[in-house]
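Undergrad: Structure file entry32.cif (mmCIF, C-alpha atoms and all ligand atoms) is given on the next line.
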data_data
#
loop_
_atom_site.group_PDB
_atom_site.id
_atom_site.type_symbol
_atom_site.label_atom_id
_atom_site.label_comp_id
_atom_site.auth_asym_id
_atom_site.auth_seq_id
_atom_site.Cartn_x
_atom_site.Cartn_y
_atom_site.Cartn_z
ATOM 1 C CA MET A 350 -19.611 22.250 26.519
ATOM 2 C CA LYS A 351 -20.801 24.662 23.841
ATOM 3 C CA SER A 352 -24.334 24.310 22.552
ATOM 4 C CA ASN A 353 -24.652 22.817 19.094
ATOM 5 C CA ASP A 354 -25.697 26.146 17.538
ATOM 6 C CA ILE A 355 -22.660 28.027 18.845
ATOM 7 C CA LEU A 356 -20.403 25.140 17.837
ATOM 8 C CA MET A 357 -21.827 25.021 14.306
ATOM 9 C CA ALA A 358 -21.614 28.811 13.938
ATOM 10 C CA GLY A 359 -17.917 28.770 14.825
ATOM 11 C CA LEU A 360 -17.212 25.876 12.493
ATOM 12 C CA LYS A 361 -19.192 27.479 9.655
ATOM 13 C CA GLU A 362 -17.054 30.590 10.057
ATOM 14 C CA ALA A 363 -13.878 28.502 9.909
ATOM 15 C CA VAL A 364 -15.140 26.749 6.755
ATOM 16 C CA ALA A 365 -16.055 30.070 5.147
ATOM 17 C CA ALA A 366 -12.476 31.295 5.716
ATOM 18 C CA GLY A 367 -11.255 28.595 3.279
ATOM 19 C CA GLY A 368 -8.135 26.443 3.269
ATOM 20 C CA VAL A 369 -10.228 23.413 4.184
ATOM 21 C CA VAL A 370 -9.113 19.848 3.512
ATOM 22 C CA ALA A 371 -11.600 17.023 4.085
ATOM 23 C CA PHE A 372 -10.593 13.571 5.287
ATOM 24 C CA THR A 373 -13.389 11.045 4.899
ATOM 25 C CA GLY A 374 -14.173 7.490 5.922
ATOM 26 C CA ALA A 375 -16.933 4.955 5.493
ATOM 27 C CA GLY A 376 -19.381 6.981 7.619
ATOM 28 C CA VAL A 377 -19.698 9.530 4.829
ATOM 29 C CA SER A 378 -21.174 6.858 2.550
ATOM 30 C CA ALA A 379 -23.358 5.162 5.189
ATOM 31 C CA GLU A 380 -26.359 7.270 4.230
ATOM 32 C CA SER A 381 -25.822 6.185 0.613
ATOM 33 C CA GLY A 382 -26.538 2.624 1.737
ATOM 34 C CA ILE A 383 -22.963 1.336 1.953
ATOM 35 C CA PRO A 384 -22.349 -0.234 5.375
ATOM 36 C CA THR A 385 -19.329 0.962 7.358
ATOM 37 C CA TYR A 386 -16.591 -1.504 8.311
ATOM 38 C CA ARG A 387 -16.899 -1.437 12.091
ATOM 39 C CA GLY A 388 -19.854 -1.149 14.432
ATOM 40 C CA THR A 389 -23.349 -2.600 14.180
ATOM 41 C CA GLY A 390 -23.997 -4.067 10.738
ATOM 42 C CA GLY A 391 -20.429 -3.252 9.635
ATOM 43 C CA PHE A 392 -18.736 -5.306 6.893
ATOM 44 C CA TRP A 393 -16.204 -6.712 9.313
ATOM 45 C CA THR A 394 -18.953 -8.063 11.573
ATOM 46 C CA GLN A 395 -20.311 -10.118 8.644
ATOM 47 C CA TYR A 396 -17.187 -10.951 6.654
ATOM 48 C CA ASP A 397 -13.803 -11.939 7.961
ATOM 49 C CA PRO A 398 -11.331 -9.174 7.038
ATOM 50 C CA ASP A 399 -8.437 -11.633 7.359
ATOM 51 C CA LYS A 400 -9.914 -13.459 4.358
ATOM 52 C CA TYR A 401 -11.725 -10.743 2.473
ATOM 53 C CA ALA A 402 -9.307 -7.847 2.853
ATOM 54 C CA ALA A 403 -5.845 -9.388 3.214
ATOM 55 C CA ILE A 404 -3.476 -9.615 0.256
ATOM 56 C CA ASP A 405 -1.918 -12.933 1.298
ATOM 57 C CA TYR A 406 -5.350 -14.565 1.488
ATOM 58 C CA PHE A 407 -6.381 -13.010 -1.841
ATOM 59 C CA LEU A 408 -3.282 -14.454 -3.522
ATOM 60 C CA THR A 409 -4.012 -17.887 -2.033
ATOM 61 C CA ASP A 410 -7.756 -17.960 -2.733
ATOM 62 C CA PRO A 411 -8.971 -15.036 -4.892
ATOM 63 C CA SER A 412 -12.400 -16.685 -5.248
ATOM 64 C CA TYR A 413 -13.292 -15.706 -1.664
ATOM 65 C CA TYR A 414 -12.925 -12.005 -2.466
ATOM 66 C CA TRP A 415 -14.557 -12.306 -5.873
ATOM 67 C CA SER A 416 -17.602 -14.224 -4.660
ATOM 68 C CA PHE A 417 -18.191 -11.557 -2.016
ATOM 69 C CA PHE A 418 -17.741 -8.867 -4.683
ATOM 70 C CA ARG A 419 -20.174 -10.664 -7.005
ATOM 71 C CA ASP A 420 -22.833 -11.392 -4.379
ATOM 72 C CA VAL A 421 -22.683 -8.270 -2.203
ATOM 73 C CA ARG A 422 -20.275 -5.517 -3.039
ATOM 74 C CA ARG A 423 -20.974 -4.833 -6.700
ATOM 75 C CA ASP A 424 -24.685 -4.392 -6.098
ATOM 76 C CA LEU A 425 -23.915 -1.787 -3.446
ATOM 77 C CA LEU A 426 -21.592 0.023 -5.849
ATOM 78 C CA HIS A 427 -24.249 0.133 -8.554
ATOM 79 C CA LYS A 428 -27.059 1.239 -6.286
ATOM 80 C CA ALA A 429 -25.248 3.808 -4.155
ATOM 81 C CA ARG A 430 -25.724 7.470 -5.026
ATOM 82 C CA PRO A 431 -23.960 10.426 -3.430
ATOM 83 C CA ASN A 432 -25.762 11.741 -0.357
ATOM 84 C CA PRO A 433 -25.953 15.336 0.943
ATOM 85 C CA ALA A 434 -22.563 14.987 2.680
ATOM 86 C CA HIS A 435 -20.794 14.205 -0.612
ATOM 87 C CA THR A 436 -22.705 16.987 -2.351
ATOM 88 C CA ALA A 437 -21.832 19.537 0.345
ATOM 89 C CA LEU A 438 -18.117 18.771 -0.066
ATOM 90 C CA ALA A 439 -18.349 19.184 -3.844
ATOM 91 C CA GLU A 440 -20.110 22.498 -3.270
ATOM 92 C CA MET A 441 -17.358 23.648 -0.868
ATOM 93 C CA GLU A 442 -14.773 22.927 -3.543
ATOM 94 C CA ARG A 443 -16.800 24.784 -6.200
ATOM 95 C CA ARG A 444 -16.891 27.815 -3.916
ATOM 96 C CA GLY A 445 -13.105 27.705 -3.549
ATOM 97 C CA LEU A 446 -13.208 26.864 0.174
ATOM 98 C CA LEU A 447 -12.071 23.249 -0.030
ATOM 99 C CA GLU A 448 -8.674 22.259 -1.422
ATOM 100 C CA ALA A 449 -9.302 18.540 -1.729
ATOM 101 C CA VAL A 450 -10.955 15.462 -0.316
ATOM 102 C CA ILE A 451 -8.602 12.826 1.049
ATOM 103 C CA THR A 452 -10.649 9.658 1.329
ATOM 104 C CA GLN A 453 -10.238 6.148 2.678
ATOM 105 C CA ASN A 454 -13.329 5.138 0.702
ATOM 106 C CA ILE A 455 -13.173 3.039 -2.424
ATOM 107 C CA ASP A 456 -16.689 3.697 -3.691
ATOM 108 C CA GLY A 457 -16.089 6.690 -6.004
ATOM 109 C CA LEU A 458 -19.028 8.622 -4.534
ATOM 110 C CA HIS A 459 -17.071 11.852 -3.986
ATOM 111 C CA GLN A 460 -16.267 11.983 -7.692
ATOM 112 C CA ALA A 461 -19.880 11.084 -8.540
ATOM 113 C CA ALA A 462 -21.013 14.069 -6.448
ATOM 114 C CA GLY A 463 -18.760 16.402 -8.452
ATOM 115 C CA SER A 464 -15.648 16.624 -6.257
ATOM 116 C CA ARG A 465 -12.680 17.152 -8.575
ATOM 117 C CA ARG A 466 -9.628 16.735 -6.380
ATOM 118 C CA VAL A 467 -10.058 13.413 -4.610
ATOM 119 C CA ILE A 468 -7.093 11.528 -3.168
ATOM 120 C CA GLU A 469 -7.929 7.855 -2.746
ATOM 121 C CA LEU A 470 -5.640 6.540 -0.017
ATOM 122 C CA HIS A 471 -7.095 3.022 -0.169
ATOM 123 C CA GLY A 472 -7.545 2.853 -3.937
ATOM 124 C CA SER A 473 -10.804 2.279 -5.785
ATOM 125 C CA ASN A 474 -13.259 -0.562 -6.198
ATOM 126 C CA ARG A 475 -14.130 0.727 -9.681
ATOM 127 C CA ARG A 476 -10.713 -0.108 -11.205
ATOM 128 C CA PHE A 477 -9.161 -3.523 -11.677
ATOM 129 C CA SER A 478 -5.976 -4.993 -13.123
ATOM 130 C CA CYS A 479 -4.379 -8.285 -14.054
ATOM 131 C CA LEU A 480 -2.092 -9.714 -11.372
ATOM 132 C CA ASP A 481 0.230 -11.053 -14.090
ATOM 133 C CA CYS A 482 0.456 -8.558 -16.972
ATOM 134 C CA GLY A 483 -0.959 -5.447 -15.239
ATOM 135 C CA ARG A 484 -3.578 -4.736 -17.909
ATOM 136 C CA GLU A 485 -6.222 -2.432 -16.498
ATOM 137 C CA TYR A 486 -9.934 -3.159 -16.474
ATOM 138 C CA ALA A 487 -12.929 -0.900 -15.806
ATOM 139 C CA LEU A 488 -15.748 -2.074 -13.533
ATOM 140 C CA ALA A 489 -18.002 -3.219 -16.406
ATOM 141 C CA GLU A 490 -15.167 -5.206 -18.005
ATOM 142 C CA ALA A 491 -14.263 -6.898 -14.719
ATOM 143 C CA GLU A 492 -17.918 -7.759 -14.190
ATOM 144 C CA ALA A 493 -18.140 -9.276 -17.677
ATOM 145 C CA ALA A 494 -15.083 -11.426 -16.910
ATOM 146 C CA LEU A 495 -16.685 -12.421 -13.583
ATOM 147 C CA GLU A 496 -19.822 -13.572 -15.424
ATOM 148 C CA LYS A 497 -17.628 -16.097 -17.255
ATOM 149 C CA GLU A 498 -15.552 -17.521 -14.416
ATOM 150 C CA LEU A 499 -14.601 -17.299 -10.759
ATOM 151 C CA PRO A 500 -12.107 -15.782 -10.202
ATOM 152 C CA PRO A 501 -12.276 -13.567 -13.296
ATOM 153 C CA ARG A 502 -9.274 -13.700 -15.589
ATOM 154 C CA CYS A 503 -7.412 -11.395 -17.947
ATOM 155 C CA GLY A 504 -8.557 -11.581 -21.581
ATOM 156 C CA GLU A 505 -4.956 -10.933 -22.614
ATOM 157 C CA CYS A 506 -2.850 -13.393 -20.599
ATOM 158 C CA GLY A 507 -5.267 -15.430 -18.442
ATOM 159 C CA GLY A 508 -3.928 -14.002 -15.153
ATOM 160 C CA VAL A 509 -6.309 -13.466 -12.224
ATOM 161 C CA LEU A 510 -7.870 -9.993 -11.957
ATOM 162 C CA ARG A 511 -7.480 -7.973 -8.778
ATOM 163 C CA PRO A 512 -9.386 -4.940 -7.542
ATOM 164 C CA GLY A 513 -7.665 -1.547 -7.419
ATOM 165 C CA ILE A 514 -8.070 -1.378 -3.662
ATOM 166 C CA VAL A 515 -5.347 -1.505 -1.036
ATOM 167 C CA PHE A 516 -5.497 -4.837 0.757
ATOM 168 C CA PHE A 517 -4.241 -5.252 4.329
ATOM 169 C CA GLY A 518 -0.566 -6.123 3.972
ATOM 170 C CA GLU A 519 -0.034 -3.780 1.009
ATOM 171 C CA MET A 520 1.554 -0.342 0.922
ATOM 172 C CA LEU A 521 -0.650 2.679 0.382
ATOM 173 C CA PRO A 522 -0.092 4.273 -3.062
ATOM 174 C CA ALA A 523 2.986 6.480 -2.594
ATOM 175 C CA ARG A 524 1.778 9.409 -4.701
ATOM 176 C CA ALA A 525 -1.547 9.566 -2.895
ATOM 177 C CA VAL A 526 0.210 9.464 0.481
ATOM 178 C CA ASP A 527 2.632 12.270 -0.491
ATOM 179 C CA GLU A 528 -0.213 14.412 -1.794
ATOM 180 C CA ALA A 529 -2.336 13.759 1.297
ATOM 181 C CA HIS A 530 0.504 14.605 3.682
ATOM 182 C CA ASP A 531 1.275 17.778 1.773
ATOM 183 C CA LEU A 532 -2.384 18.837 1.909
ATOM 184 C CA ALA A 533 -2.591 18.012 5.618
ATOM 185 C CA ARG A 534 0.511 20.111 6.331
ATOM 186 C CA ARG A 535 -0.900 23.128 4.454
ATOM 187 C CA ALA A 536 -4.533 22.906 5.638
ATOM 188 C CA ARG A 537 -6.037 25.677 7.773
ATOM 189 C CA LEU A 538 -8.862 23.392 8.764
ATOM 190 C CA LEU A 539 -8.951 19.614 8.500
ATOM 191 C CA LEU A 540 -12.515 18.371 8.442
ATOM 192 C CA VAL A 541 -12.697 14.673 9.329
ATOM 193 C CA ILE A 542 -16.009 13.077 8.398
ATOM 194 C CA GLY A 543 -17.251 9.581 9.197
ATOM 195 C CA SER A 544 -14.068 7.795 10.163
ATOM 196 C CA SER A 545 -13.320 5.720 13.266
ATOM 197 C CA LEU A 546 -9.663 6.866 12.912
ATOM 198 C CA VAL A 547 -8.333 3.509 14.023
ATOM 199 C CA VAL A 548 -6.701 2.379 10.773
ATOM 200 C CA TYR A 549 -3.097 3.440 10.216
ATOM 201 C CA PRO A 550 -1.294 4.880 8.353
ATOM 202 C CA ALA A 551 -4.381 6.799 7.076
ATOM 203 C CA ALA A 552 -5.292 7.879 10.617
ATOM 204 C CA GLN A 553 -2.034 9.861 10.785
ATOM 205 C CA ILE A 554 -3.581 12.548 8.567
ATOM 206 C CA PRO A 555 -5.384 14.396 11.402
ATOM 207 C CA LEU A 556 -2.221 14.252 13.547
ATOM 208 C CA ILE A 557 -0.087 15.653 10.716
ATOM 209 C CA ALA A 558 -2.575 18.462 10.112
ATOM 210 C CA LYS A 559 -2.861 19.337 13.774
ATOM 211 C CA THR A 560 0.876 19.354 14.447
ATOM 212 C CA SER A 561 1.339 21.558 11.351
ATOM 213 C CA GLY A 562 -1.001 24.205 12.753
ATOM 214 C CA ALA A 563 -4.381 23.289 11.257
ATOM 215 C CA ARG A 564 -7.528 23.380 13.279
ATOM 216 C CA LEU A 565 -9.298 20.060 13.484
ATOM 217 C CA ALA A 566 -13.032 19.359 13.222
ATOM 218 C CA LEU A 567 -14.565 15.906 13.607
ATOM 219 C CA VAL A 568 -18.003 15.104 12.221
ATOM 220 C CA ASN A 569 -18.871 11.626 13.428
ATOM 221 C CA ASP A 570 -21.748 9.866 15.101
ATOM 222 C CA GLU A 571 -19.535 8.319 17.811
ATOM 223 C CA PRO A 572 -16.313 9.232 19.660
ATOM 224 C CA THR A 573 -12.923 8.657 18.011
ATOM 225 C CA PRO A 574 -9.380 8.367 19.410
ATOM 226 C CA ALA A 575 -8.650 11.881 18.035
ATOM 227 C CA ASP A 576 -11.402 13.615 20.019
ATOM 228 C CA ASP A 577 -8.897 15.088 22.492
ATOM 229 C CA LEU A 578 -7.080 16.856 19.655
ATOM 230 C CA ALA A 579 -10.175 18.365 18.055
ATOM 231 C CA ASP A 580 -11.168 22.024 18.031
ATOM 232 C CA TRP A 581 -14.719 21.077 17.081
ATOM 233 C CA ILE A 582 -16.577 17.817 17.565
ATOM 234 C CA VAL A 583 -19.932 17.622 15.847
ATOM 235 C CA ARG A 584 -21.733 14.465 16.869
ATOM 236 C CA GLY A 585 -24.259 13.626 14.184
ATOM 237 C CA LYS A 586 -25.028 12.211 10.765
ATOM 238 C CA ALA A 587 -22.719 13.435 8.033
ATOM 239 C CA GLY A 588 -25.654 13.812 5.628
ATOM 240 C CA GLU A 589 -27.324 16.228 8.027
ATOM 241 C CA VAL A 590 -24.323 18.114 9.411
ATOM 242 C CA MET A 591 -22.448 18.763 6.163
ATOM 243 C CA PRO A 592 -25.247 20.576 4.248
ATOM 244 C CA GLU A 593 -25.665 22.785 7.326
ATOM 245 C CA LEU A 594 -21.983 23.753 7.154
ATOM 246 C CA VAL A 595 -22.313 25.073 3.594
ATOM 247 C CA ARG A 596 -25.809 26.547 3.906
ATOM 248 C CA GLU A 597 -25.629 30.251 3.237
ATOM 249 C CA LYS A 598 -27.628 32.712 5.308
ATOM 250 C CA PRO A 599 -30.851 33.711 3.573
ATOM 251 C CA PRO A 600 -30.690 37.384 2.491
ATOM 252 C CA ALA A 601 -32.010 39.724 5.233
HETATM 253 P P1 LIG B 1 -15.139 2.589 10.045
HETATM 254 O O1 LIG B 1 -16.228 1.635 9.748
HETATM 255 O O2 LIG B 1 -14.010 2.091 10.875
HETATM 256 O O3 LIG B 1 -15.717 3.863 10.791
HETATM 257 C C1 LIG B 1 -16.818 4.593 10.299
HETATM 258 C C2 LIG B 1 -17.132 5.675 11.310
HETATM 259 O O4 LIG B 1 -18.199 6.451 10.794
HETATM 260 C C3 LIG B 1 -17.578 5.149 12.667
HETATM 261 O O5 LIG B 1 -16.923 5.889 13.702
HETATM 262 C C4 LIG B 1 -19.084 5.402 12.677
HETATM 263 O O6 LIG B 1 -19.583 5.679 13.978
HETATM 264 C C5 LIG B 1 -19.174 6.645 11.801
HETATM 265 N N1 LIG B 1 -20.464 6.805 11.102
HETATM 266 C C6 LIG B 1 -21.289 5.844 10.611
HETATM 267 N N2 LIG B 1 -22.329 6.384 9.962
HETATM 268 C C7 LIG B 1 -22.170 7.726 10.046
HETATM 269 C C8 LIG B 1 -22.917 8.832 9.554
HETATM 270 N N3 LIG B 1 -24.033 8.675 8.841
HETATM 271 N N4 LIG B 1 -22.452 10.079 9.825
HETATM 272 C C9 LIG B 1 -21.329 10.253 10.556
HETATM 273 N N5 LIG B 1 -20.581 9.252 11.041
HETATM 274 C C10 LIG B 1 -20.984 7.999 10.777
HETATM 275 O O7 LIG B 1 -14.643 3.178 8.635
HETATM 276 P P2 LIG B 1 -13.254 3.911 8.280
HETATM 277 O O8 LIG B 1 -12.796 4.787 9.388
HETATM 278 O O9 LIG B 1 -13.430 4.504 6.947
HETATM 279 O O10 LIG B 1 -9.568 -0.044 4.954
HETATM 280 O O11 LIG B 1 -12.284 2.673 8.178
HETATM 281 C C11 LIG B 1 -10.986 2.859 7.771
HETATM 282 C C12 LIG B 1 -10.504 1.684 6.959
HETATM 283 O O12 LIG B 1 -10.792 0.475 7.663
HETATM 284 C C13 LIG B 1 -11.236 1.482 5.645
HETATM 285 O O13 LIG B 1 -10.783 2.329 4.619
HETATM 286 C C14 LIG B 1 -10.954 0.053 5.335
HETATM 287 C C15 LIG B 1 -11.199 -0.553 6.701
HETATM 288 O O14 LIG B 1 -10.519 -1.693 6.993
HETATM 289 C C16 LIG B 1 -9.170 -0.986 4.080
HETATM 290 O O15 LIG B 1 -9.924 -1.835 3.656
HETATM 291 C C17 LIG B 1 -7.729 -0.888 3.703
#
Let's see the structure in the file written out as structure tokens.
TA:
Amino acid sequence: MKSNDILMAGLKEAVAAGGVVAFTGAGVSAESGIPTYRGTGGFWTQYDPDKYAAIDYFLTDPSYYWSFFRDVRRDLLHKARPNPAHTALAEMERRGLLEAVITQNIDGLHQAAGSRRVIELHGSNRRFSCLDCGREYALAEAEAALEKELPPRCGECGGVLRPGIVFFGEMLPARAVDEAHDLARRARLLLVIGSSLVVYPAAQIPLIAKTSGARLALVNDEPTPADDLADWIVRGKAGEVMPELVREKPPA
């Protein structure tokens, strides 16, 4: 096993060579105060994903989702700020080393940090629409509707509002998937940050990249099912590891 310094030096060199695509999960936002889904304190240990995150349950009883959004989720969205991991990725893109961030996150923190090309595979919790007429609502508008009634309804037609996230039981947005697969196929280095890599089809991205010739680096604080495929495994906090990867050598 290589020491951490040698491992980081090799990975820094690979990042500096460019052609990097990042693939992120909830762990990248953990240090911004948004709990991950799995593991200690994860959302799914406190809330039942079969009720909160499943489209069939949402269509039967949208109030369950909306009360959780009102009481827990929206506060997290308002309070969370990008952390050094998000900022490091935005910096990599500014320097022309990073092609894009493919994310499973719905919190918008990559964009808030300044990342320009962000592919949201699981949608966004900052966009909403009417289930009936499709009219789109921004976060503030959906919140205003939620102040009035539960579940919130469309000002136009009275239909129930839904979040712009991908529920379990729904397809991933086709354009985002195509773009993500294309990026994964062309990447020289796929940098996976803060994902358990257990949720498919998103977890195919590292496999696609690897079988297309990319090198694979995993930055995570616990093992993942893709560890055997990885060229680098950096075990640590994303907010500490990522700034280190973009830190330039001080002039001699
Ligand atoms: P998970 O909660 O499954 O995994 C987060 C991973 O990040 C875990 O392996 C943690 O150990 C790791 N982690 C936590 N904090 C970290 C930190 N500060 N630095 C580095 N690693 C850290 O989240 P995802 O893999 O994103 O889907 O989950 C994938 C999908 O499952 C989500 O997009 C969501 C969920 O169900 C939908 O809702 C459709």
Undergrad: Looking at A:Gly368, A:Gly374, A:Pro501, A:Pro398, which one is nearest to Phe477 of chain A, with distances taken over only C-alpha atoms?
TA: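 Nearest to Phe477 of chain A: A:Pro501.
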Undergrad: As a quick test: using all atoms listed in the file, which residues lie no more than 6 Å away from ligand LIG 1 (chain B)? Give them as an MDAnalysis selection string.
TA: chainID A and resid 374:377 379:380 385:387 453:454 471 515:517 543:546 548 569:571 585:587
Undergrad: Given the choices A:Ile554, A:Leu426, A:Ile582, A:Cys503, which gets closest to Ala536 of chain A if the distance is worked out from all atoms listed in the file?
TA: A:Ile554
Undergrad: To test your reading of the syntax: which residues would the PyMOL selection byres (((chain A and resi 402-412) around 7) and not hetatm) return for the file shown? Reply as an MDAnalysis selection string.
TA: chainID A and resid 398:401 413:416 499:500 516:519
Undergrad: Kindly resolve the PyMOL selection byres (((chain A and resi 502) around 12) and not hetatm) on the present coordinates and return the residues as number ranges by chain.
TA: A: 411-412, 415, 477-486, 490-501, 503-512
Undergrad: So which residues fall inside 12 Å of (-8.3, 16.7, 20.1) if we count only C-alpha atoms? Mind giving them as a PyMOL selection string?
TA: chain A and resi 539+541+555-556+558-560+563-567+572-582
Undergrad: Using all atoms listed in the file, which residue out of A:Arg584, A:His459, A:Arg537, A:Lys598 lies closest to Thr373 of chain A?
TA: A:His459
Undergrad: Can you give me, as a PDB file with C-alpha atoms, keeping the file's coordinate frame, the residues this file yields under the PyMOL selection byres (((chain A and resi 590) around 10) and not hetatm)?
TA:
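Ended up saving to out.pdb:
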ATOM      1  CA  MET A 357     -21.827  25.021  14.306  1.00  0.00           C
ATOM      2  CA  PRO A 433     -25.953  15.336   0.943  1.00  0.00           C
ATOM      3  CA  ALA A 434     -22.563  14.987   2.680  1.00  0.00           C
ATOM      4  CA  ALA A 437     -21.832  19.537   0.345  1.00  0.00           C
ATOM      5  CA  ILE A 542     -16.009  13.077   8.398  1.00  0.00           C
ATOM      6  CA  VAL A 568     -18.003  15.104  12.221  1.00  0.00           C
ATOM      7  CA  ASN A 569     -18.871  11.626  13.428  1.00  0.00           C
ATOM      8  CA  VAL A 583     -19.932  17.622  15.847  1.00  0.00           C
ATOM      9  CA  ARG A 584     -21.733  14.465  16.869  1.00  0.00           C
ATOM     10  CA  GLY A 585     -24.259  13.626  14.184  1.00  0.00           C
ATOM     11  CA  LYS A 586     -25.028  12.211  10.765  1.00  0.00           C
ATOM     12  CA  ALA A 587     -22.719  13.435   8.033  1.00  0.00           C
ATOM     13  CA  GLY A 588     -25.654  13.812   5.628  1.00  0.00           C
ATOM     14  CA  GLU A 589     -27.324  16.228   8.027  1.00  0.00           C
ATOM     15  CA  MET A 591     -22.448  18.763   6.163  1.00  0.00           C
ATOM     16  CA  PRO A 592     -25.247  20.576   4.248  1.00  0.00           C
ATOM     17  CA  GLU A 593     -25.665  22.785   7.326  1.00  0.00           C
ATOM     18  CA  LEU A 594     -21.983  23.753   7.154  1.00  0.00           C
ATOM     19  CA  VAL A 595     -22.313  25.073   3.594  1.00  0.00           C
TER      20      VAL A 595
END
Undergrad: How many Å separate atom CA of Val421 of chain A from atom CA of Asp397 of chain A?
TA: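 Going from atom CA of Val421 of chain A over to atom CA of Asp397 of chain A, I get 14.0 Å.
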Undergrad: Find, counting all atoms listed in the file, the residue in A:Leu532, A:Met520, A:Leu540, A:Val547 that gets nearest to Ser561 of chain A.
TA: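 When distances to Ser561 of chain A are compared using all atoms listed in the file, the smallest one comes from A:Leu532.
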Undergrad: Between atom CA of Ala363 of chain A and atom CA of Leu438 of chain A, what is the spacing in Å?
TA: 14.6 Å
Undergrad: Got a sec to check which residues sit within 7 Å of (-15.5, 0.6, -11.6), counting only C-alpha atoms, and write them as number ranges by chain?
TA: A: 474-476, 487-489
Undergrad: When you look at Pro431 of chain A with a cut-off of 7 Å (counting all atoms listed in the file), what residues show up, excluding the ones that are within fewer than 6 positions of it in the same chain? I need them as a short mmCIF file (atom, residue, chain, number, x, y, z; two decimals) with C-alpha atoms, keeping the file's coordinate frame.
TA:
data_model
loop_
_atom_site.label_atom_id
_atom_site.label_comp_id
_atom_site.auth_asym_id
_atom_site.auth_seq_id
_atom_site.Cartn_x
_atom_site.Cartn_y
_atom_site.Cartn_z
CA SER A 381 -25.82 6.18 0.61
CA LEU A 458 -19.03 8.62 -4.53
CA ALA A 461 -19.88 11.08 -8.54
CA ALA A 462 -21.01 14.07 -6.45
#
Undergrad: Restricting the calculation to only C-alpha atoms, which member of A:Ala552, A:Leu356, A:Ile455, A:Val526 is positioned closest to Phe372 of chain A?
TA: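 Closest to Phe372 of chain A of all the choices is A:Ala552.
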Undergrad: Using atom CA of Ala533 of chain A and atom CA of Gly457 of chain A as the two end points, give the distance in Å to one decimal.
TA: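 Interatomic distance here is 21.1 Å.
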Undergrad: Hey, which of A:Glu469, A:Ala439, A:Gly562, A:Gly513 ends up closest to Arg534 of chain A? Count only C-alpha atoms.
TA: A:Gly562
